[in-house]
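Since the structure comes first, as C-alpha cells, the remarks are kept for the end.
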Amino acid sequence: MKFASIVKGLLSFLILTAIFIAIAIKYSIAETSFQCNGEISGESSTIFIKLGEYKWWVHLWSNSDGDLKLEIPNRYYDYYSPLTEVGDQLQIWDREKQRGNFSKLSNALTLDTATGVFKGTCTRMHDR
C-alpha cells in the first residue's frame with residue numbers, strides 16, 4: 001500500500017512536470033511577421049521576415065533574446081540567431097558575427113544577406 005502511494009505521487013509529479021515543460025515551450029516565443037520594402041545593393045526589393053522574441057524565462061537556458069527568419073521570395077531563405085536586445089534595437093547575429101539591426105521603434109531593418117545588404121522599413125503583417 002505504501003509503495004502504491006509512492007508510485008502514485010511520483011507519477012503525479014512527472015505528469016505535472018511534463019505539463020509545465022509543454023506550456024513553457026509553447027509560450028516561450030512571440031512571433032511577428034513583417035513585409036519589408038527597401039533596397040539590396042541599390043536595387044528595390046521586398047523581403048519577408050519572421051521575428052521571434054523569447055520570453056524572459058528563456059534566459060534560464062539561453063543567452064538569446066530571439067531569432068529571425070528571412071525570405072527573399074523565389075531567391076533566398078535564411079535563419080539568424082541569436083538576437084540581442086539593446087534598448088529598442090535588436091542586434092541580429094549569425095553565430096559570432098553581427099549581421100544587422102532591427103529597430104522595434106521605427107521598424108527599420110539593416111541586414112547583411114547572401115544576396116547583399118538590405119536596408120529598408122518593415123510593416124507588421126500578423127502576430128502568432
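Labels for the C-alpha cells follow display order: chains A, B, ..., residues from 1 in each chain, ligands from 1.
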
Report the residues of chain A whose backbone DSSP state falls under helix (DSSP H, G or I), written as an mmCIF file with N, CA, C and O atoms, in the first residue's frame.
```cif
data_model
loop_
_atom_site.group_PDB
_atom_site.id
_atom_site.type_symbol
_atom_site.label_atom_id
_atom_site.label_comp_id
_atom_site.auth_asym_id
_atom_site.auth_seq_id
_atom_site.Cartn_x
_atom_site.Cartn_y
_atom_site.Cartn_z
ATOM 1 N N LYS A 2 1.928 1.267 0.800
ATOM 2 C CA LYS A 2 2.823 2.407 0.846
ATOM 3 C C LYS A 2 3.542 2.580 -0.493
ATOM 4 O O LYS A 2 3.707 3.704 -0.964
ATOM 5 N N PHE A 3 3.943 1.460 -1.105
ATOM 6 C CA PHE A 3 4.614 1.504 -2.399
ATOM 7 C C PHE A 3 3.692 2.102 -3.462
ATOM 8 O O PHE A 3 4.125 2.906 -4.284
ATOM 9 N N ALA A 4 2.427 1.740 -3.441
ATOM 10 C CA ALA A 4 1.458 2.248 -4.424
ATOM 11 C C ALA A 4 1.295 3.759 -4.289
ATOM 12 O O ALA A 4 1.183 4.473 -5.288
ATOM 13 N N SER A 5 1.286 4.284 -3.066
ATOM 14 C CA SER A 5 1.138 5.732 -2.889
ATOM 15 C C SER A 5 2.395 6.477 -3.335
ATOM 16 O O SER A 5 2.308 7.591 -3.856
ATOM 17 N N ILE A 6 3.561 5.875 -3.155
ATOM 18 C CA ILE A 6 4.810 6.490 -3.632
ATOM 19 C C ILE A 6 4.808 6.555 -5.165
ATOM 20 O O ILE A 6 5.142 7.576 -5.753
ATOM 21 N N VAL A 7 4.404 5.461 -5.802
ATOM 22 C CA VAL A 7 4.341 5.414 -7.263
ATOM 23 C C VAL A 7 3.317 6.429 -7.772
ATOM 24 O O VAL A 7 3.562 7.152 -8.748
ATOM 25 N N LYS A 8 2.179 6.513 -7.103
ATOM 26 C CA LYS A 8 1.138 7.464 -7.482
ATOM 27 C C LYS A 8 1.642 8.909 -7.359
ATOM 28 O O LYS A 8 1.418 9.736 -8.246
ATOM 29 N N GLY A 9 2.351 9.209 -6.290
ATOM 30 C CA GLY A 9 2.911 10.545 -6.096
ATOM 31 C C GLY A 9 3.964 10.864 -7.141
ATOM 32 O O GLY A 9 4.015 11.974 -7.676
ATOM 33 N N LEU A 10 4.827 9.917 -7.431
ATOM 34 C CA LEU A 10 5.870 10.106 -8.444
ATOM 35 C C LEU A 10 5.256 10.309 -9.826
ATOM 36 O O LEU A 10 5.687 11.187 -10.582
ATOM 37 N N LEU A 11 4.240 9.531 -10.142
ATOM 38 C CA LEU A 11 3.559 9.659 -11.427
ATOM 39 C C LEU A 11 2.899 11.034 -11.545
ATOM 40 O O LEU A 11 2.991 11.687 -12.595
ATOM 41 N N SER A 12 2.267 11.506 -10.486
ATOM 42 C CA SER A 12 1.654 12.838 -10.482
ATOM 43 C C SER A 12 2.700 13.920 -10.703
ATOM 44 O O SER A 12 2.492 14.866 -11.469
ATOM 45 N N PHE A 13 3.838 13.781 -10.030
ATOM 46 C CA PHE A 13 4.933 14.743 -10.190
ATOM 47 C C PHE A 13 5.424 14.766 -11.633
ATOM 48 O O PHE A 13 5.636 15.841 -12.207
ATOM 49 N N LEU A 14 5.611 13.609 -12.245
ATOM 50 C CA LEU A 14 6.088 13.535 -13.626
ATOM 51 C C LEU A 14 5.085 14.136 -14.609
ATOM 52 O O LEU A 14 5.464 14.840 -15.549
ATOM 53 N N ILE A 15 3.800 13.903 -14.380
ATOM 54 C CA ILE A 15 2.769 14.465 -15.252
ATOM 55 C C ILE A 15 2.751 15.987 -15.137
ATOM 56 O O ILE A 15 2.707 16.700 -16.145
ATOM 57 N N LEU A 16 2.806 16.510 -13.919
ATOM 58 C CA LEU A 16 2.823 17.960 -13.723
ATOM 59 C C LEU A 16 4.073 18.592 -14.329
ATOM 60 O O LEU A 16 4.003 19.669 -14.919
ATOM 61 N N THR A 17 5.219 17.920 -14.205
ATOM 62 C CA THR A 17 6.458 18.422 -14.798
ATOM 63 C C THR A 17 6.348 18.463 -16.321
ATOM 64 O O THR A 17 6.744 19.440 -16.951
ATOM 65 N N ALA A 18 5.790 17.421 -16.914
ATOM 66 C CA ALA A 18 5.619 17.378 -18.369
ATOM 67 C C ALA A 18 4.681 18.486 -18.837
ATOM 68 O O ALA A 18 4.928 19.143 -19.862
ATOM 69 N N ILE A 19 3.607 18.728 -18.102
ATOM 70 C CA ILE A 19 2.671 19.806 -18.452
ATOM 71 C C ILE A 19 3.369 21.156 -18.362
ATOM 72 O O ILE A 19 3.230 21.999 -19.259
ATOM 73 N N PHE A 20 4.141 21.381 -17.311
ATOM 74 C CA PHE A 20 4.868 22.629 -17.142
ATOM 75 C C PHE A 20 5.853 22.850 -18.292
ATOM 76 O O PHE A 20 5.931 23.939 -18.861
ATOM 77 N N ILE A 21 6.592 21.825 -18.665
ATOM 78 C CA ILE A 21 7.567 21.935 -19.760
ATOM 79 C C ILE A 21 6.852 22.225 -21.078
ATOM 80 O O ILE A 21 7.290 23.077 -21.855
ATOM 81 N N ALA A 22 5.736 21.558 -21.335
ATOM 82 C CA ALA A 22 4.983 21.792 -22.575
ATOM 83 C C ALA A 22 4.471 23.227 -22.643
ATOM 84 O O ALA A 22 4.551 23.876 -23.691
ATOM 85 N N ILE A 23 3.951 23.743 -21.543
ATOM 86 C CA ILE A 23 3.463 25.123 -21.511
ATOM 87 C C ILE A 23 4.615 26.099 -21.707
ATOM 88 O O ILE A 23 4.500 27.069 -22.458
ATOM 89 N N ALA A 24 5.745 25.850 -21.037
ATOM 90 C CA ALA A 24 6.906 26.733 -21.168
ATOM 91 C C ALA A 24 7.402 26.780 -22.605
ATOM 92 O O ALA A 24 7.720 27.852 -23.132
ATOM 93 N N ILE A 25 7.433 25.647 -23.280
ATOM 94 C CA ILE A 25 7.904 25.603 -24.666
ATOM 95 C C ILE A 25 6.906 26.300 -25.590
ATOM 96 O O ILE A 25 7.283 27.117 -26.432
ATOM 97 N N LYS A 26 5.619 26.015 -25.423
ATOM 98 C CA LYS A 26 4.596 26.596 -26.308
ATOM 99 C C LYS A 26 4.522 28.114 -26.193
ATOM 100 O O LYS A 26 4.328 28.804 -27.188
ATOM 101 N N TRP A 56 11.076 36.152 -21.027
ATOM 102 C CA TRP A 56 12.167 36.320 -20.056
ATOM 103 C C TRP A 56 12.694 35.001 -19.515
ATOM 104 O O TRP A 56 13.880 34.863 -19.257
ATOM 105 N N TRP A 57 11.843 33.992 -19.350
ATOM 106 C CA TRP A 57 12.285 32.746 -18.730
ATOM 107 C C TRP A 57 13.191 31.921 -19.638
ATOM 108 O O TRP A 57 13.878 31.025 -19.169
ATOM 109 N N VAL A 58 13.235 32.233 -20.921
ATOM 110 C CA VAL A 58 14.123 31.505 -21.830
ATOM 111 C C VAL A 58 15.586 31.753 -21.445
ATOM 112 O O VAL A 58 16.453 30.921 -21.698
ATOM 113 N N HIS A 59 15.850 32.893 -20.775
ATOM 114 C CA HIS A 59 17.218 33.189 -20.336
ATOM 115 C C HIS A 59 17.714 32.210 -19.276
ATOM 116 O O HIS A 59 18.907 32.203 -18.958
ATOM 117 N N LEU A 60 16.844 31.372 -18.754
ATOM 118 C CA LEU A 60 17.281 30.326 -17.823
ATOM 119 C C LEU A 60 18.137 29.285 -18.531
ATOM 120 O O LEU A 60 18.982 28.651 -17.921
#
```

I'd like the contact shell of Thr32 of chain A - 12 Å cut-off, only C-alpha atoms, skipping same-chain residues fewer than 5 positions apart - returned as a VMD selection string.
chain A and resid 48 to 54 66 to 69 104 107 122 to 128

Residues of chain A classed as strand (DSSP E) by DSSP on the backbone are to be reported as a VMD selection string.
chain A and resid 29 to 40 43 to 54 66 to 72 76 to 80 83 to 86 89 to 94 97 to 103 108 to 113 116 to 127

List the spatial neighbours of Ile92 of chain A as a ChimeraX atom specification - criterion: any atom at most 6 Å away, only C-alpha atoms, same-chain residues fewer than 6 positions off excluded.
/A:83,98-101

Write out the residues from the selection above, keeping all heavy atoms, as a compact mmCIF listing (two decimals), in the first residue's frame.
```txt
# COMPACT_ATOMS: atom_id res chain seq x y z
N LEU A 83 19.58 36.81 -31.36
CA LEU A 83 19.27 38.24 -31.37
C LEU A 83 19.61 38.77 -29.98
O LEU A 83 19.39 38.10 -28.98
CB LEU A 83 17.79 38.51 -31.65
CG LEU A 83 17.23 38.01 -32.97
CD1 LEU A 83 15.79 38.47 -33.12
CD2 LEU A 83 18.04 38.46 -34.14
N GLN A 98 27.97 39.85 -36.20
CA GLN A 98 26.76 40.66 -36.27
C GLN A 98 26.42 40.91 -37.74
O GLN A 98 27.26 41.34 -38.52
CB GLN A 98 26.91 41.99 -35.54
CG GLN A 98 25.61 42.75 -35.49
CD GLN A 98 25.67 44.01 -34.65
OE1 GLN A 98 26.65 44.27 -33.97
NE2 GLN A 98 24.61 44.79 -34.70
N ARG A 99 25.17 40.64 -38.10
CA ARG A 99 24.72 40.76 -39.49
C ARG A 99 23.77 41.93 -39.73
O ARG A 99 23.49 42.28 -40.88
CB ARG A 99 24.01 39.48 -39.93
CG ARG A 99 24.90 38.29 -39.99
CD ARG A 99 25.90 38.47 -41.07
NE ARG A 99 26.69 37.27 -41.23
CZ ARG A 99 27.59 37.10 -42.15
NH1 ARG A 99 27.84 38.07 -43.01
NH2 ARG A 99 28.27 36.00 -42.22
N GLY A 100 23.25 42.53 -38.64
CA GLY A 100 22.34 43.65 -38.86
C GLY A 100 21.66 44.12 -37.59
O GLY A 100 21.99 43.68 -36.49
N ASN A 101 20.68 45.02 -37.80
CA ASN A 101 19.90 45.60 -36.71
C ASN A 101 18.46 45.73 -37.14
O ASN A 101 18.17 45.99 -38.31
CB ASN A 101 20.40 47.01 -36.36
CG ASN A 101 21.77 46.99 -35.75
OD1 ASN A 101 21.97 46.48 -34.67
ND2 ASN A 101 22.73 47.54 -36.47
```

Point out the residue among A:Ile47, A:Ile40, A:Pro73, A:Trp61 with the least atom-to-atom distance to Ser28 of chain A, counting only C-alpha atoms.
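The shortest atom-to-atom distance to Ser28 of chain A comes from A:Trp61.
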
Considering only C-alpha atoms, state which residue in the set A:Ile72, A:Val117, A:Ile29, A:Leu111 is at the smallest distance from Thr46 of chain A.
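Using only C-alpha atoms, Thr46 of chain A sits closest to A:Ile72.
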
Between A:Ala114, A:Leu90, A:Ala30, A:Ala108, which one has atoms that come closest to Tyr77 of chain A, using only C-alpha atoms?
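Of the candidates, the smallest distance to Tyr77 of chain A is held by A:Ala114.
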
One-decimal distance in Å that lies between atom CA of Asp88 of chain A and atom CA of Ser44 of chain A
26.3 Å
